[in-house]
Amino acid sequence: MNIIEIENLTYSYPAAKSPILKNISLTVEEGDFLAVVGNNGCGKSTFCKTLNGLIPHFIDGDFEGTVKVGGINTLESDVGTLACKAGYVYQDFENQIVRPTVLDDASYACLNYAMPDYIERGRQALSLCGLEGREDDYIWQLSGGQTHLLALAGAVSLRPDILILDEPIAQLDPSHADKIYGVLKELNEKHGKTIIVIEHHTEYIADYCKHVMLMRDGGVAWKLPTGEALRRVEELQACNIFPPQVTIAAHRMNQEGRLPEGQLLPTTVEEGKNAFRNLQYHPRASAEQKAAEAGEPNVQFRDVSIAYRSVKGDDRLVFDGLDLEIRRGEKIALIGSNGAGKSTLMKLMVGLLKPGTGDILLNGESTRKKKTEQLSRSISLVYQNPEEMFIKDSIRADIAYAMQVRDVENWQARTDELLARFRLTELQDRDGRLLSGGQMRRASLAIGVALNPGILLLDEPTANLDIATRKEIMRTLTDMKDITETVMIATHDMQLVCEWAQRIVVLCRGRVVADGSRDEIFGNQEILNTVGIRPPEIFSMGQALDGRALCYTVEEFLHGFEEA
């Protein structure tokens, strides 16, 4: 039975030159677990917003065609009715949290519908989403992953048949990501919910989803069973989608004649054990990234402690006696689980937070009594949520703002240069908050480097990005040596860590528990277990075949494993 039926759907945003969705016809069966993939800006989020009626009832525009959800024509219904058919958890899910305590928030939607059993519905939703026992907690006591689960519980409480999640694990560590998908799997298999996820992480698609739908240029290129879809390596890559690393490696070996004829490409590590069973590991010299000769200290943490005040219970201690040194010219990845203190450490560096005790030195001078604007020429932070960087009504104005207020010479020419460098010239008059996720990232990076800072901090810079935008940002960082000498990235993207970083700093419960190279971090199983770090999939594939293998990229795997 089809739970979603779409015929000839075309939609254009107000004043847009061309439609974002073009003549889409599609059916989704009840009980499916569907992944929607495609490059940034292809219309994935717009498509999903037609399923719960936000388009066209809340977001205006030119709407043609028919969308039926659970037998209801979305044009003939209202958003409130459709929310009970299709629950939605947005990419910026924090904005869905509206009440101070967990149970209050989970039951709030049902209260709005005047459901007499709203409390019981909230409790049941929390239980289904793995938050049982947290009912009386304040929402600020939750981790990022738990907050995402709470947003999901708010949607589940209305008991919709369909649940839609936009980039559900983009900013989560592996343990929280596993929890989210574990909950979705249970809702799908045990409770019969139809699940639709917009997802870039194809390794999770391989493990959990039943079908994949590829969107291209505003249309649906195809909808296929997951295994068949992920084996279309070249087509996915042409659409800026990363197939699983094991699939890419097998595809490359197949092209080189190194796999048996007719061998199906693996999409998971388990499948890879069979596909690569005839390969043997040949140890080679380590391909560790060589750090540039580090100069004098840029930033020094000296016995720094900081705690967040809490309305309920004790203050939450983030750092207690932290010592850390960052030297000029380093490329550092800062990793650790959600809540480990990564964002706090960066906010301390730029002066948005001040330490309770201890001191932070920037280029040898204490930051304690300096204002953030005094520090901004030396150090800049690009926020985890890029929309927080937008304060004006156009991208051009946002990029120019810091230079204008500081009377930077030739600020207009510098703005033009940054717009061109980050492919934003055609978008310069658009409000940054209305751009796609990838466009927002590019714009926020342009704002961050406008003052030519010597130190650049990026909080989750590749979250929500397709291949092209992700690679472009990394290329841009490499090309910006003339602008910024020292770069630190806080990230859960282990592929990025292994491809880019020269030094890895691991935080756990407010302490630096490891600090070193890739081999020193990922080759230490005790550290991985303690912190919950998951290395790139290709590293796990190499380890499954031979415990000596330390392969961080597909290239290293291909060079390390040959026929026996």
# chains A, B, ... in the order shown; residues from 1 in each chain; ligands from 1
$ select_by_dssp --residues "region 222-455 of chain A" --states "helix (DSSP H, G or I)" --output "count of residues only"
86
$ residues_around --residues "Gly38 (chain A)" --least-positions-apart "6" --cutoff "7 Å" --atoms "only C-alpha atoms" --output "ChimeraX atom specification"
/A:214-216,239,241
$ write_last_selection --atoms "C-alpha atoms" --output "compact mmCIF listing (two decimals), in the first residue's frame"
# COMPACT_ATOMS: atom_id res chain seq x y z
CA LEU A 214 18.43 10.24 -5.81
CA MET A 215 17.41 13.84 -6.51
CA ARG A 216 19.10 15.69 -9.33
CA CYS A 239 26.01 13.96 -8.00
CA ILE A 241 27.54 11.88 -2.98
$ residues_around --residues "Gly31 (chain A)" --least-positions-apart "3" --cutoff "6 Å" --atoms "only C-alpha atoms" --output "JSON, numbers by chain"
{"A": [192, 193, 194]}
$ write_last_selection --atoms "C-alpha atoms" --output "tab-separated table (two decimals), in the first residue's frame"
chain	number	residue	atom	x	y	z
A	192	GLY	CA	5.41	0.22	11.44
A	193	LYS	CA	6.44	3.83	10.92
A	194	THR	CA	7.46	4.94	7.45
$ closest_residue --among "A:Glu235, A:Glu270, A:Asp32, A:Asp217" --to "Lys185 (chain A)" --atoms "only C-alpha atoms"
A:Asp32
$ residues_around --residues "region 76-82 of chain A" --least-positions-apart "6" --cutoff "8 Å" --atoms "only C-alpha atoms" --output "ChimeraX atom specification"
/A:52-54,57-58,69
$ write_last_selection --atoms "C-alpha atoms" --output "PDB file, in the first residue's frame"
ATOM      1  CA  ASN A  52       3.776  17.942   5.741  1.00  0.00           C
ATOM      2  CA  GLY A  53       2.112  20.880   4.044  1.00  0.00           C
ATOM      3  CA  LEU A  54       4.634  23.574   4.995  1.00  0.00           C
ATOM      4  CA  HIS A  57       0.496  26.508   3.223  1.00  0.00           C
ATOM      5  CA  PHE A  58       3.268  28.167   5.251  1.00  0.00           C
ATOM      6  CA  VAL A  69      -0.027  11.731   2.305  1.00  0.00           C
TER       7      VAL A  69
END
$ closest_residue --among "A:Arg328, A:Arg302, A:Lys179, A:Arg433" --to "Thr357 (chain A)" --atoms "only C-alpha atoms"
A:Arg302
$ closest_residue --among "A:Glu373, A:Glu325, A:Asp117, A:Glu30" --to "Gly351 (chain A)" --atoms "only C-alpha atoms"
A:Glu373
$ closest_atom_pairs --of "region 463-539 of chain A" --to "region 333-336 of chain A" --cutoff "9 Å" --atoms "only C-alpha atoms" --output "CSV"
residue,atom,partner,partner_atom,distance
A:Val487,CA,A:Ala333,CA,8.6
A:Met488,CA,A:Ala333,CA,5.8
A:Ile489,CA,A:Ala333,CA,4.9
A:Ala490,CA,A:Leu334,CA,4.5
A:Thr491,CA,A:Ile335,CA,5.8
A:His492,CA,A:Ile335,CA,6.4
A:Asp493,CA,A:Ile335,CA,8.9
A:Met494,CA,A:Ile335,CA,8.8
A:Leu496,CA,A:Ala333,CA,8.8
A:Val497,CA,A:Ala333,CA,6.0
A:Trp500,CA,A:Ala333,CA,8.3
A:Ala501,CA,A:Ala333,CA,5.6
A:Gln502,CA,A:Ala333,CA,7.8
A:Arg503,CA,A:Ala333,CA,6.4
A:Ile504,CA,A:Ala333,CA,4.8
A:Val505,CA,A:Leu334,CA,5.0
A:Val506,CA,A:Ile335,CA,5.0
A:Leu507,CA,A:Gly336,CA,5.0
A:Cys508,CA,A:Gly336,CA,6.0
A:Arg509,CA,A:Gly336,CA,8.9
A:Val531,CA,A:Gly336,CA,6.4
A:Gly532,CA,A:Gly336,CA,7.7
A:Ile533,CA,A:Gly336,CA,6.9
$ closest_atom_pairs --of "region 113-175 of chain A" --to "region 1-18 of chain A" --cutoff "12 Å" --atoms "only C-alpha atoms" --output "CSV"
residue,atom,partner,partner_atom,distance
A:Pro160,CA,A:Ile3,CA,11.6
A:Asp161,CA,A:Ile3,CA,8.5
A:Ile162,CA,A:Ile3,CA,8.4
A:Leu163,CA,A:Ile3,CA,11.9
$ write_last_selection --atoms "N, CA and C atoms" --output "CSV table (one decimal), in the first residue's frame"
chain,number,residue,atom,x,y,z
A,160,PRO,N,2.2,10.0,14.2
A,160,PRO,CA,2.1,10.0,12.8
A,160,PRO,C,2.5,8.7,12.2
A,161,ASP,N,2.0,8.4,11.0
A,161,ASP,CA,2.5,7.2,10.3
A,161,ASP,C,3.8,7.4,9.6
A,162,ILE,N,4.2,8.7,9.3
A,162,ILE,CA,5.4,9.0,8.6
A,162,ILE,C,6.3,9.9,9.5
A,163,LEU,N,7.6,9.6,9.5
A,163,LEU,CA,8.5,10.5,10.2
A,163,LEU,C,9.6,10.9,9.2
$ residues_around --residues "Thr425 (chain A)" --least-positions-apart "3" --cutoff "12 Å" --atoms "only C-alpha atoms" --output "list in words"
Ser394, Ile395, Arg396, Ile399, Thr415, Asp416, Glu417, Leu418, Leu419, Ala420, Arg421, Phe422, Gln428, Asp429, Arg430, Gln439, Arg442, Ala443 and Ala446 of chain A
$ write_last_selection --atoms "C-alpha atoms" --output "compact mmCIF listing (two decimals), in the first residue's frame"
# COMPACT_ATOMS: atom_id res chain seq x y z
CA SER A 394 22.25 39.99 2.45
CA ILE A 395 25.37 37.87 2.16
CA ARG A 396 27.33 40.81 0.77
CA ILE A 399 30.80 39.64 4.65
CA THR A 415 34.20 41.78 -0.31
CA ASP A 416 34.08 41.20 -4.08
CA GLU A 417 37.15 38.96 -3.81
CA LEU A 418 35.62 36.83 -1.05
CA LEU A 419 32.29 36.53 -2.87
CA ALA A 420 34.13 35.23 -5.92
CA ARG A 421 36.43 32.90 -3.98
CA PHE A 422 33.52 31.18 -2.23
CA GLN A 428 25.29 38.16 -2.78
CA ASP A 429 21.88 39.84 -2.46
CA ARG A 430 20.22 36.83 -0.80
CA GLN A 439 25.74 27.75 0.60
CA ARG A 442 30.57 28.81 2.25
CA ALA A 443 29.14 32.16 3.30
CA ALA A 446 33.86 33.94 3.92
$ atom_distance --atom1 "CA of Val233 (chain A)" --atom2 "CA of Val246 (chain A)"
11.0 Å
$ closest_residue --among "A:Glu555, A:Leu34, A:Gly65, A:Ile473" --to "Thr226 (chain A)" --atoms "only C-alpha atoms"
A:Leu34
$ closest_residue --among "A:Glu199, A:Glu485, A:Asp137, A:Asp393" --to "Leu456 (chain A)" --atoms "only C-alpha atoms"
A:Glu485
$ atom_distance --atom1 "CA of Ala177 (chain A)" --atom2 "CA of Glu132 (chain A)"
18.2 Å
$ atom_distance --atom1 "CA of Val299 (chain A)" --atom2 "CA of Gly356 (chain A)"
17.5 Å
$ residues_around --residues "Gly547 (chain A)" --least-positions-apart "4" --cutoff "10 Å" --atoms "only C-alpha atoms" --output "list of chain:residue names"
A:Tyr281, A:Gly523, A:Ser540, A:Met541, A:Gly542, A:Gln543
$ write_last_selection --atoms "N, CA and C atoms" --output "PDB file, in the first residue's frame"
ATOM      1  N   TYR A 281      47.557  -8.108   3.132  1.00  0.00           N
ATOM      2  CA  TYR A 281      48.114  -6.805   3.507  1.00  0.00           C
ATOM      3  C   TYR A 281      49.634  -6.825   3.399  1.00  0.00           C
ATOM      4  N   GLY A 523      45.407   4.095  16.264  1.00  0.00           N
ATOM      5  CA  GLY A 523      46.062   2.824  16.526  1.00  0.00           C
ATOM      6  C   GLY A 523      45.989   2.409  17.984  1.00  0.00           C
ATOM      7  N   SER A 540      38.392   0.617   9.442  1.00  0.00           N
ATOM      8  CA  SER A 540      37.772  -0.569  10.040  1.00  0.00           C
ATOM      9  C   SER A 540      37.825  -1.749   9.083  1.00  0.00           C
ATOM     10  N   MET A 541      37.680  -1.490   7.777  1.00  0.00           N
ATOM     11  CA  MET A 541      37.771  -2.558   6.784  1.00  0.00           C
ATOM     12  C   MET A 541      39.163  -3.170   6.788  1.00  0.00           C
ATOM     13  N   GLY A 542      40.198  -2.324   6.807  1.00  0.00           N
ATOM     14  CA  GLY A 542      41.566  -2.836   6.848  1.00  0.00           C
ATOM     15  C   GLY A 542      41.830  -3.645   8.100  1.00  0.00           C
ATOM     16  N   GLN A 543      41.346  -3.152   9.241  1.00  0.00           N
ATOM     17  CA  GLN A 543      41.544  -3.858  10.503  1.00  0.00           C
ATOM     18  C   GLN A 543      40.828  -5.210  10.507  1.00  0.00           C
TER      19      GLN A 543
END
$ residues_around --residues "Leu224 (chain A)" --least-positions-apart "2" --cutoff "12 Å" --atoms "only C-alpha atoms" --output "ChimeraX atom specification"
/A:28,32-37,209-214,220-222,226-232
$ write_last_selection --atoms "C-alpha atoms" --output "JSON list (two decimals), in the first residue's frame"
[["chain", "number", "residue", "atom", "x", "y", "z"],
["A", 28, "VAL", "CA", 6.44, 5.54, -1.22],
["A", 32, "ASP", "CA", 9.57, 1.91, 3.92],
["A", 33, "PHE", "CA", 12.84, 3.35, 5.29],
["A", 34, "LEU", "CA", 13.82, 5.76, 2.53],
["A", 35, "ALA", "CA", 17.00, 7.81, 2.21],
["A", 36, "VAL", "CA", 16.81, 10.95, 0.08],
["A", 37, "VAL", "CA", 20.21, 11.88, -1.37],
["A", 209, "CYS", "CA", 17.70, 2.08, 4.91],
["A", 210, "LYS", "CA", 15.60, -0.06, 2.57],
["A", 211, "HIS", "CA", 15.51, 2.28, -0.44],
["A", 212, "VAL", "CA", 17.44, 5.28, -1.73],
["A", 213, "MET", "CA", 16.01, 8.12, -3.81],
["A", 214, "LEU", "CA", 18.43, 10.24, -5.81],
["A", 220, "VAL", "CA", 13.89, 12.34, -9.02],
["A", 221, "ALA", "CA", 16.53, 10.46, -11.00],
["A", 222, "TRP", "CA", 15.57, 7.10, -9.46],
["A", 226, "THR", "CA", 19.70, 0.36, -1.03],
["A", 227, "GLY", "CA", 22.30, -2.19, -2.18],
["A", 228, "GLU", "CA", 21.62, -1.52, -5.86],
["A", 229, "ALA", "CA", 21.60, 2.24, -5.30],
["A", 230, "LEU", "CA", 24.92, 2.41, -3.42],
["A", 231, "ARG", "CA", 26.66, 0.30, -6.06],
["A", 232, "ARG", "CA", 26.05, 3.05, -8.63]]
$ select_by_dssp --residues "region 266-384 of chain A" --states "strand (DSSP E)" --output "number ranges by chain"
A: 279-281, 297-308, 316-327, 331-335, 357-362, 365-366, 379-382
$ closest_residue --among "A:Val512, A:Met389, A:Val269, A:Ile455" --to "Leu545 (chain A)" --atoms "only C-alpha atoms"
A:Val269
